[in-house]
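What's in coords_31.cif: mmCIF, C-alpha atoms
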```cif
data_work
loop_
_atom_site.label_atom_id
_atom_site.label_comp_id
_atom_site.auth_asym_id
_atom_site.auth_seq_id
_atom_site.Cartn_x
_atom_site.Cartn_y
_atom_site.Cartn_z
CA MET A 92 14.14 -1.62 -6.03
CA PRO A 93 12.56 -4.09 -5.98
CA HIS A 94 10.03 -3.68 -3.19
CA LEU A 95 7.93 -6.64 -2.14
CA HIS A 96 4.85 -6.41 0.09
CA MET A 97 3.11 -9.49 1.42
CA GLU A 98 -0.27 -9.26 3.13
CA TYR A 99 -1.76 -12.32 4.81
CA THR A 100 -4.99 -12.69 6.70
CA ALA A 101 -4.91 -13.52 10.40
CA ASN A 102 -6.71 -16.84 9.96
CA LEU A 103 -3.66 -18.59 8.48
CA PRO A 104 -1.78 -19.61 11.63
CA GLU A 105 0.65 -21.95 9.89
CA LEU A 106 2.08 -19.20 7.73
CA ASN A 107 5.46 -18.04 9.04
CA ALA A 108 5.98 -14.58 7.60
CA ASP A 109 9.70 -14.39 8.33
CA VAL A 110 10.33 -17.64 6.51
CA ALA A 111 8.08 -16.50 3.69
CA LEU A 112 10.14 -13.36 3.09
CA ILE A 113 13.38 -15.31 3.04
CA ARG A 114 12.02 -17.71 0.44
CA LEU A 115 10.52 -14.94 -1.68
CA ASN A 116 13.78 -12.99 -1.61
CA ASN A 117 15.74 -16.11 -2.53
CA THR A 118 13.43 -16.61 -5.48
CA LEU A 119 13.97 -13.04 -6.65
CA VAL A 120 17.75 -13.45 -6.44
CA ALA A 121 17.54 -16.74 -8.32
CA SER A 122 15.57 -15.07 -11.11
CA GLY A 123 18.73 -13.27 -12.21
CA GLN A 124 16.73 -10.09 -12.73
CA PHE A 125 18.36 -8.07 -9.95
CA ALA A 126 21.97 -7.01 -9.88
CA ALA A 127 22.36 -6.94 -6.11
CA GLU A 128 20.61 -9.00 -3.45
CA PHE A 129 20.93 -5.96 -1.19
CA ASP A 130 18.37 -4.08 -3.30
CA ILE A 131 15.50 -6.43 -2.47
CA LYS A 132 13.37 -4.88 0.26
CA SER A 133 10.51 -7.05 1.50
CA ARG A 134 7.94 -6.74 4.26
CA ALA A 135 4.96 -8.69 5.50
CA VAL A 136 1.82 -7.47 7.24
CA LYS A 137 -0.77 -9.58 8.99
CA VAL A 138 -4.24 -8.33 8.06
CA GLN A 139 -6.51 -8.40 11.11
CA THR A 140 -9.61 -6.79 9.59
CA PHE A 141 -10.70 -8.27 6.29
CA LYS A 142 -13.70 -9.54 4.36
CA VAL A 143 -13.65 -11.75 1.29
CA GLY A 144 -16.79 -11.42 -0.79
CA THR A 145 -20.21 -11.33 0.80
CA ALA A 146 -21.04 -14.95 1.61
CA LEU A 147 -20.61 -16.53 5.01
CA GLY A 148 -17.91 -19.13 5.52
CA GLU A 149 -14.28 -18.67 6.47
CA ARG A 150 -12.02 -17.22 3.83
CA GLY A 151 -8.57 -15.73 3.72
CA PHE A 152 -5.90 -14.59 1.33
CA VAL A 153 -2.23 -13.97 0.78
CA HIS A 154 -1.43 -11.11 -1.55
CA VAL A 155 2.10 -10.39 -2.77
CA LYS A 156 2.89 -7.15 -4.58
CA LEU A 157 6.24 -6.81 -6.31
CA ALA A 158 7.15 -3.28 -7.40
CA LEU A 159 9.87 -2.99 -10.05
CA LEU A 160 11.52 -0.05 -11.69
CA SER A 161 9.73 0.42 -14.98
CA GLY A 162 11.17 -1.12 -18.13
CA ARG A 163 10.91 -4.88 -17.75
CA SER A 164 9.07 -6.89 -20.40
CA ALA A 165 5.64 -8.43 -19.92
CA GLN A 166 7.22 -11.86 -20.22
CA ILE A 167 9.73 -11.25 -17.44
CA LYS A 168 6.97 -9.90 -15.21
CA LYS A 169 4.81 -12.93 -15.80
CA GLN A 170 7.71 -15.25 -15.02
CA LEU A 171 8.43 -13.42 -11.76
CA SER A 172 4.76 -13.50 -10.84
CA ASP A 173 4.45 -17.23 -11.49
CA SER A 174 7.59 -18.06 -9.56
CA LEU A 175 6.48 -16.02 -6.54
CA LEU A 176 3.04 -17.63 -6.60
CA ALA A 177 4.66 -21.07 -6.57
CA VAL A 178 6.63 -20.09 -3.46
CA VAL A 179 3.52 -18.78 -1.72
CA HIS A 180 1.60 -21.92 -2.56
CA ASP A 181 4.17 -24.08 -0.78
CA LEU A 182 4.66 -21.86 2.27
CA CYS A 183 2.60 -23.94 4.65
CA GLU A 184 -0.23 -26.36 5.18
CA TRP A 185 -3.36 -24.35 4.44
CA PRO A 186 -6.05 -24.73 7.07
CA ALA A 187 -8.90 -27.09 6.33
CA GLY A 188 -12.21 -25.34 6.09
CA VAL A 189 -10.79 -22.00 4.97
CA GLU A 190 -11.03 -20.92 1.35
CA VAL A 191 -7.69 -19.24 0.71
CA GLN A 192 -6.86 -17.13 -2.32
CA LEU A 193 -3.20 -16.62 -3.22
CA CYS A 194 -2.38 -13.72 -5.54
CA VAL A 195 0.72 -12.07 -6.96
CA GLU A 196 0.68 -8.65 -8.57
CA ILE A 197 3.57 -6.95 -10.37
CA LEU A 198 3.62 -3.19 -10.65
CA ASP A 199 5.96 -0.58 -12.01
CA ILE A 200 7.75 2.12 -10.07
CA ASP A 201 8.29 5.28 -12.12
CA ARG A 202 12.00 5.09 -12.78
CA ASP A 203 12.61 8.77 -13.47
CA SER A 204 11.32 10.05 -10.14
CA TYR A 205 12.63 7.29 -7.90
CA SER A 206 15.28 8.48 -5.45
CA LYS A 207 17.43 6.36 -3.21
CA THR A 208 20.45 6.46 -0.99
CA ALA A 209 22.14 3.93 1.26
CA ILE A 210 23.71 4.55 4.65
CA GLY A 211 26.36 2.32 6.17
CA HIS A 212 26.70 0.13 3.10
CA MET B 171 -9.36 -9.14 -8.19
CA PRO B 172 -10.69 -6.77 -7.08
CA HIS B 173 -8.64 -5.77 -4.07
CA LEU B 174 -9.96 -3.09 -1.73
CA HIS B 175 -7.87 -1.33 0.94
CA MET B 176 -9.43 1.00 3.47
CA GLU B 177 -7.27 3.17 5.72
CA TYR B 178 -8.87 5.17 8.52
CA THR B 179 -7.29 7.39 11.09
CA ALA B 180 -7.44 6.44 14.76
CA ASN B 181 -9.44 9.54 15.73
CA LEU B 182 -12.68 8.23 14.21
CA PRO B 183 -13.99 6.03 17.05
CA GLU B 184 -17.47 5.58 15.59
CA LEU B 185 -16.19 3.93 12.45
CA ASN B 186 -16.68 0.14 12.59
CA ALA B 187 -14.21 -1.29 10.11
CA ASP B 188 -15.82 -4.72 9.92
CA VAL B 189 -19.18 -3.24 9.06
CA ALA B 190 -17.51 -0.91 6.59
CA LEU B 191 -15.96 -3.79 4.65
CA ILE B 192 -19.27 -5.65 4.48
CA ARG B 193 -21.01 -2.60 3.09
CA LEU B 194 -18.25 -1.83 0.61
CA ASN B 195 -18.21 -5.43 -0.63
CA ASN B 196 -21.99 -5.42 -0.97
CA THR B 197 -21.71 -2.28 -3.07
CA LEU B 198 -19.13 -3.88 -5.33
CA VAL B 199 -21.33 -6.93 -5.85
CA ALA B 200 -24.33 -4.72 -6.57
CA SER B 201 -22.36 -2.85 -9.23
CA GLY B 202 -22.57 -5.90 -11.48
CA GLN B 203 -18.93 -5.42 -12.47
CA PHE B 204 -17.60 -8.57 -10.84
CA ALA B 205 -18.49 -12.08 -11.88
CA ALA B 206 -18.04 -13.73 -8.49
CA GLU B 207 -18.52 -12.26 -5.01
CA PHE B 208 -15.73 -14.59 -3.89
CA ASP B 209 -13.18 -12.55 -5.85
CA ILE B 210 -13.60 -9.40 -3.76
CA LYS B 211 -10.79 -9.21 -1.22
CA SER B 212 -11.02 -6.28 1.21
CA ARG B 213 -9.04 -5.20 4.24
CA ALA B 214 -9.02 -2.27 6.62
CA VAL B 215 -6.15 -0.74 8.55
CA LYS B 216 -6.38 1.76 11.38
CA VAL B 217 -3.73 4.44 10.90
CA GLN B 218 -2.17 5.34 14.25
CA THR B 219 0.51 7.76 13.03
CA PHE B 220 -0.73 10.42 10.65
CA LYS B 221 -0.62 14.11 9.87
CA VAL B 222 -3.00 16.07 7.68
CA GLY B 223 -1.47 19.26 6.32
CA THR B 224 0.57 21.55 8.52
CA ALA B 225 -1.98 23.54 10.53
CA LEU B 226 -3.01 22.72 14.08
CA GLY B 227 -6.50 21.39 14.73
CA GLU B 228 -7.76 17.85 14.71
CA ARG B 229 -8.07 16.21 11.32
CA GLY B 230 -8.54 12.71 10.01
CA PHE B 231 -9.29 10.77 6.88
CA VAL B 232 -10.68 7.60 5.38
CA HIS B 233 -9.00 6.50 2.18
CA VAL B 234 -10.33 3.64 0.06
CA LYS B 235 -8.26 2.18 -2.75
CA LEU B 236 -9.90 -0.19 -5.18
CA ALA B 237 -7.53 -2.11 -7.46
CA LEU B 238 -9.05 -3.63 -10.59
CA LEU B 239 -7.62 -5.74 -13.37
CA SER B 240 -6.84 -3.31 -16.16
CA GLY B 241 -9.35 -2.79 -18.94
CA ARG B 242 -12.38 -1.10 -17.41
CA SER B 243 -13.60 2.19 -18.87
CA ALA B 244 -13.12 5.57 -17.22
CA GLN B 245 -16.88 5.82 -16.83
CA ILE B 246 -17.18 2.52 -14.97
CA LYS B 247 -14.29 3.49 -12.70
CA LYS B 248 -15.89 6.81 -11.87
CA GLN B 249 -19.20 5.12 -11.09
CA LEU B 250 -17.49 2.64 -8.77
CA SER B 251 -15.58 5.45 -7.09
CA ASP B 252 -18.71 7.52 -6.51
CA SER B 253 -20.68 4.60 -5.14
CA LEU B 254 -17.92 3.64 -2.71
CA LEU B 255 -17.60 7.24 -1.54
CA ALA B 256 -21.33 7.34 -0.84
CA VAL B 257 -20.98 4.24 1.33
CA VAL B 258 -18.03 5.69 3.24
CA HIS B 259 -19.88 8.94 3.82
CA ASP B 260 -22.71 7.10 5.56
CA LEU B 261 -20.59 4.73 7.62
CA CYS B 262 -20.96 6.57 10.91
CA GLU B 263 -21.53 9.79 12.74
CA TRP B 264 -18.37 11.79 12.11
CA PRO B 265 -16.94 13.34 15.27
CA ALA B 266 -17.66 16.99 15.92
CA GLY B 267 -14.54 19.11 15.87
CA VAL B 268 -12.59 16.85 13.53
CA GLU B 269 -12.10 17.80 9.90
CA VAL B 270 -12.44 14.49 8.08
CA GLN B 271 -11.54 13.90 4.45
CA LEU B 272 -13.07 10.92 2.66
CA CYS B 273 -11.37 9.75 -0.54
CA VAL B 274 -11.74 6.91 -3.03
CA GLU B 275 -9.05 6.02 -5.53
CA ILE B 276 -9.33 3.47 -8.35
CA LEU B 277 -6.19 1.92 -9.74
CA ASP B 278 -5.34 -0.72 -12.30
CA ILE B 279 -3.63 -4.03 -11.69
CA ASP B 280 -1.53 -5.15 -14.65
CA ARG B 281 -3.64 -7.99 -16.01
CA ASP B 282 -0.91 -9.84 -17.88
CA SER B 283 1.34 -10.41 -14.90
CA TYR B 284 -1.32 -11.08 -12.28
CA SER B 285 -1.26 -14.64 -10.92
CA LYS B 286 -3.79 -16.26 -8.67
CA THR B 287 -4.86 -19.59 -7.30
CA ALA B 288 -7.50 -20.67 -4.82
CA ILE B 289 -7.23 -23.39 -2.19
CA GLY B 290 -10.22 -25.16 -0.69
CA HIS B 291 -12.74 -23.48 -2.98
CA MET C 2 -4.39 14.55 -2.85
CA PRO C 3 -1.52 14.25 -2.23
CA HIS C 4 -1.24 11.08 -0.17
CA LEU C 5 2.07 10.25 1.47
CA HIS C 6 2.95 6.85 2.98
CA MET C 7 6.11 6.31 4.98
CA GLU C 8 7.22 2.82 5.96
CA TYR C 9 10.16 2.37 8.31
CA THR C 10 11.67 -0.79 9.69
CA ALA C 11 11.51 -1.46 13.42
CA ASN C 12 15.30 -1.44 13.83
CA LEU C 13 15.56 2.36 13.52
CA PRO C 14 14.79 3.45 17.08
CA GLU C 15 15.92 7.05 16.62
CA LEU C 16 13.38 7.72 13.91
CA ASN C 17 10.43 9.72 15.29
CA ALA C 18 7.59 9.09 12.87
CA ASP C 19 5.42 11.97 14.07
CA VAL C 20 8.23 14.45 13.55
CA ALA C 21 9.00 12.88 10.20
CA LEU C 22 5.47 13.45 8.92
CA ILE C 23 5.50 17.08 10.04
CA ARG C 24 8.76 17.71 8.20
CA LEU C 25 7.64 15.88 5.07
CA ASN C 26 4.37 17.81 4.99
CA ASN C 27 6.21 21.08 5.49
CA THR C 28 8.42 20.21 2.55
CA LEU C 29 5.43 19.49 0.36
CA VAL C 30 3.83 22.81 1.28
CA ALA C 31 7.10 24.61 0.61
CA SER C 32 7.30 23.06 -2.86
CA GLY C 33 4.45 25.30 -3.99
CA GLN C 34 2.88 22.37 -5.85
CA PHE C 35 -0.21 22.07 -3.69
CA ALA C 36 -2.92 24.67 -3.41
CA ALA C 37 -4.00 23.86 0.14
CA GLU C 38 -1.98 22.47 3.02
CA PHE C 39 -5.19 20.76 4.16
CA ASP C 40 -5.03 18.40 1.18
CA ILE C 41 -1.81 16.70 2.28
CA LYS C 42 -2.65 13.41 3.97
CA SER C 43 0.33 11.54 5.39
CA ARG C 44 0.74 8.40 7.45
CA ALA C 45 3.61 6.32 8.80
CA VAL C 46 3.77 2.61 9.52
CA LYS C 47 6.47 0.79 11.45
CA VAL C 48 7.35 -2.43 9.62
CA GLN C 49 7.86 -5.24 12.13
CA THR C 50 8.39 -8.13 9.69
CA PHE C 51 10.89 -7.44 6.94
CA LYS C 52 13.87 -8.86 5.09
CA VAL C 53 16.39 -6.95 3.00
CA GLY C 54 18.12 -9.17 0.46
CA THR C 55 19.42 -12.59 1.37
CA ALA C 56 22.69 -11.98 3.21
CA LEU C 57 23.05 -11.95 6.96
CA GLY C 58 23.78 -8.68 8.72
CA GLU C 59 21.38 -6.09 10.03
CA ARG C 60 19.62 -3.98 7.44
CA GLY C 61 16.66 -1.66 7.37
CA PHE C 62 14.88 0.86 5.19
CA VAL C 63 12.65 3.88 5.04
CA HIS C 64 10.37 4.02 2.05
CA VAL C 65 8.27 7.08 1.23
CA LYS C 66 5.55 6.90 -1.41
CA LEU C 67 3.98 10.11 -2.60
CA ALA C 68 0.80 9.71 -4.67
CA LEU C 69 -0.23 12.69 -6.79
CA LEU C 70 -3.17 13.32 -9.04
CA SER C 71 -1.94 12.57 -12.54
CA GLY C 72 -0.68 15.39 -14.73
CA ARG C 73 2.52 16.69 -13.16
CA SER C 74 5.71 16.76 -15.23
CA ALA C 75 8.60 14.36 -14.80
CA GLN C 76 10.76 17.28 -13.70
CA ILE C 77 8.37 18.31 -10.92
CA LYS C 78 8.13 14.74 -9.73
CA LYS C 79 11.88 14.35 -9.60
CA GLN C 80 12.21 17.61 -7.65
CA LEU C 81 9.62 16.45 -5.14
CA SER C 82 11.32 13.09 -4.82
CA ASP C 83 14.73 14.62 -4.22
CA SER C 84 13.44 17.08 -1.65
CA LEU C 85 11.63 14.37 0.29
CA LEU C 86 14.71 12.15 0.23
CA ALA C 87 16.78 15.00 1.67
CA VAL C 88 14.29 15.32 4.53
CA VAL C 89 14.36 11.60 5.23
CA HIS C 90 18.14 11.55 5.19
CA ASP C 91 18.26 14.14 7.98
CA LEU C 92 15.50 12.69 10.16
CA CYS C 93 17.78 11.12 12.74
CA GLU C 94 21.09 9.60 13.59
CA TRP C 95 21.13 6.30 11.75
CA PRO C 96 22.21 3.36 13.90
CA ALA C 97 25.78 2.18 13.56
CA GLY C 98 26.02 -1.33 12.22
CA VAL C 99 22.77 -1.20 10.29
CA GLU C 100 22.75 -0.81 6.53
CA VAL C 101 19.82 1.51 5.90
CA GLN C 102 18.29 2.22 2.50
CA LEU C 103 16.23 5.37 2.06
CA CYS C 104 13.89 5.53 -0.94
CA VAL C 105 11.28 7.88 -2.32
CA GLU C 106 8.78 6.85 -4.97
CA ILE C 107 6.31 9.11 -6.76
CA LEU C 108 3.20 7.63 -8.27
CA ASP C 109 0.13 8.90 -10.05
CA ILE C 110 -3.45 8.69 -8.87
CA ASP C 111 -5.92 8.41 -11.74
CA ARG C 112 -7.49 11.85 -11.69
CA ASP C 113 -10.73 10.98 -13.49
CA SER C 114 -11.87 8.34 -11.03
CA TYR C 115 -10.71 9.98 -7.80
CA SER C 116 -13.57 11.00 -5.51
CA LYS C 117 -13.33 13.08 -2.38
CA THR C 118 -15.42 14.93 0.12
CA ALA C 119 -14.63 16.79 3.33
CA ILE C 120 -16.67 16.87 6.52
CA GLY C 121 -16.43 19.64 9.09
CA HIS C 122 -14.12 21.80 6.99
#
```

Go through the file and emit its structure as structure tokens.
Amino acid sequence: MPHLHMEYTANLPELNADVALIRLNNTLVASGQFAAEFDIKSRAVKVQTFKVGTALGERGFVHVKLALLSGRSAQIKKQLSDSLLAVVHDLCEWPAGVEVQLCVEILDIDRDSYSKTAIGH
Amino acid sequence: MPHLHMEYTANLPELNADVALIRLNNTLVASGQFAAEFDIKSRAVKVQTFKVGTALGERGFVHVKLALLSGRSAQIKKQLSDSLLAVVHDLCEWPAGVEVQLCVEILDIDRDSYSKTAIGH
Amino acid sequence: MPHLHMEYTANLPELNADVALIRLNNTLVASGQFAAEFDIKSRAVKVQTFKVGTALGERGFVHVKLALLSGRSAQIKKQLSDSLLAVVHDLCEWPAGVEVQLCVEILDIDRDSYSKTAIGH
């Protein structure tokens, strides 16, 4: 906890996913919501097969999902969501001629049934 | 919103994922549940490493997840689920000798903490 | 139902994902919680782009998500989570010099809107 997933469509060549994860993780640490930076586990996946809507025209998206152990307030979640969206917005020059949607979703992990261990830490 | 994810196992060679997403998006637009076709963001992933159950014999699956901003009724969700399953069922000739499970799941996105912006729209 | 997803970072070369899914499925069958072994649908994805925390040093993770039709008790979920974590822990020799986090998350699938059909079964 927390787990962050970033999906990005393959038509966004300027987006550097490694850099994106570093910046997103830094933002999570800076939020003060997480006791240990070590706990933040983030991954990015390039989406090769996608379709936005039904109209023609080139479109893409970046979707960030942040999964938190249940218990945080709606206000904290909204602040985290807004701060992650601001990071995504500034990740790169967005390609001209592509309609790009940027989204951040916060979801809860059931705290009671979450299990975890660390090796070599 | 909405976000659609389709997973399909690699042993279903007749399934055309691009065509699948077009048909699924068309079905969502036709449902009348979504104000703008532009909002529908769908992706498909071929699953290379999978295992269904524990018995021998070739098996596969297609799993569609539709994530909606919270607030829709159980009846609407069930209707969406049924209509997407009907589309998946008719996507292709299913291979003889493979037991294929087709599933549709509807889940809620927490509305209050969802953030979004659009570029170039 | 159930659906199991395993993500594992690309810096864990000793982890055999096919073997992992067989063992995880066997554990689910042995739990007695599922009427038919056929219903267990599991997949594994190697995560190529990831970042754990903000510090330098090599880190990785294995994250298992088990999605169940809603209705099971917190106690059952915790038992399933613990038993899956024990399986993950023993999957392989973990690489020296890598801090590896192993996690298991249980989540509910909305039962009322879940649709499913089977072909060739």

*Which residue, A:Leu159, A:Ala108, A:Leu175, A:Ala135, has the smallest gap to chain B when you use all atoms listed in the file?*
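Counting all atoms listed in the file, the residue closest to chain B is A:Leu175.
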
*For chain C, report every residue with an atom at most 7 Å from chain A (counting all atoms listed in the file), formatted as a list in words.*
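Every residue meeting the condition is included here: Val48, Thr50, Phe51, Lys52, Val53, Gly54, Thr55, Ala75, Lys78, Lys79, Ser82, Asp83, Leu86, Val99, Glu100, Val101, Gln102, Leu103, Cys104, Val105, Glu106, Ile107 and Leu108 of chain C.
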
*asked:* Quick check, in Å to one decimal: how far apart do CA of His180 (chain A) and CA of Arg163 (chain A) lie?
replied: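 About the pair CA of His180 (chain A) and CA of Arg163 (chain A): they are 24.7 Å apart.
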
*For CA of Gly98 (chain C) and CA of Glu8 (chain C), the interatomic separation in Å (one decimal)*: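 We find that CA of Gly98 (chain C) and CA of Glu8 (chain C) lie 20.2 Å from each other.
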
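The smallest atom-to-atom distance between Gly123 (chain A) and any of A:Gly162, A:Pro186, A:Gln139, A:Gln170, using all atoms listed in the file, is found for A:Gln170.
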
*Could you check how far CA of Leu171 (chain A) sits from CA of Val155 (chain A), in Å to one decimal?*
11.4 Å

*Quick one: which residues end up in the PyMOL selection byres ((chain C and resi 14) around 10) for this structure, as a ChimeraX atom specification?*
/C:9-13,15-17,93-96
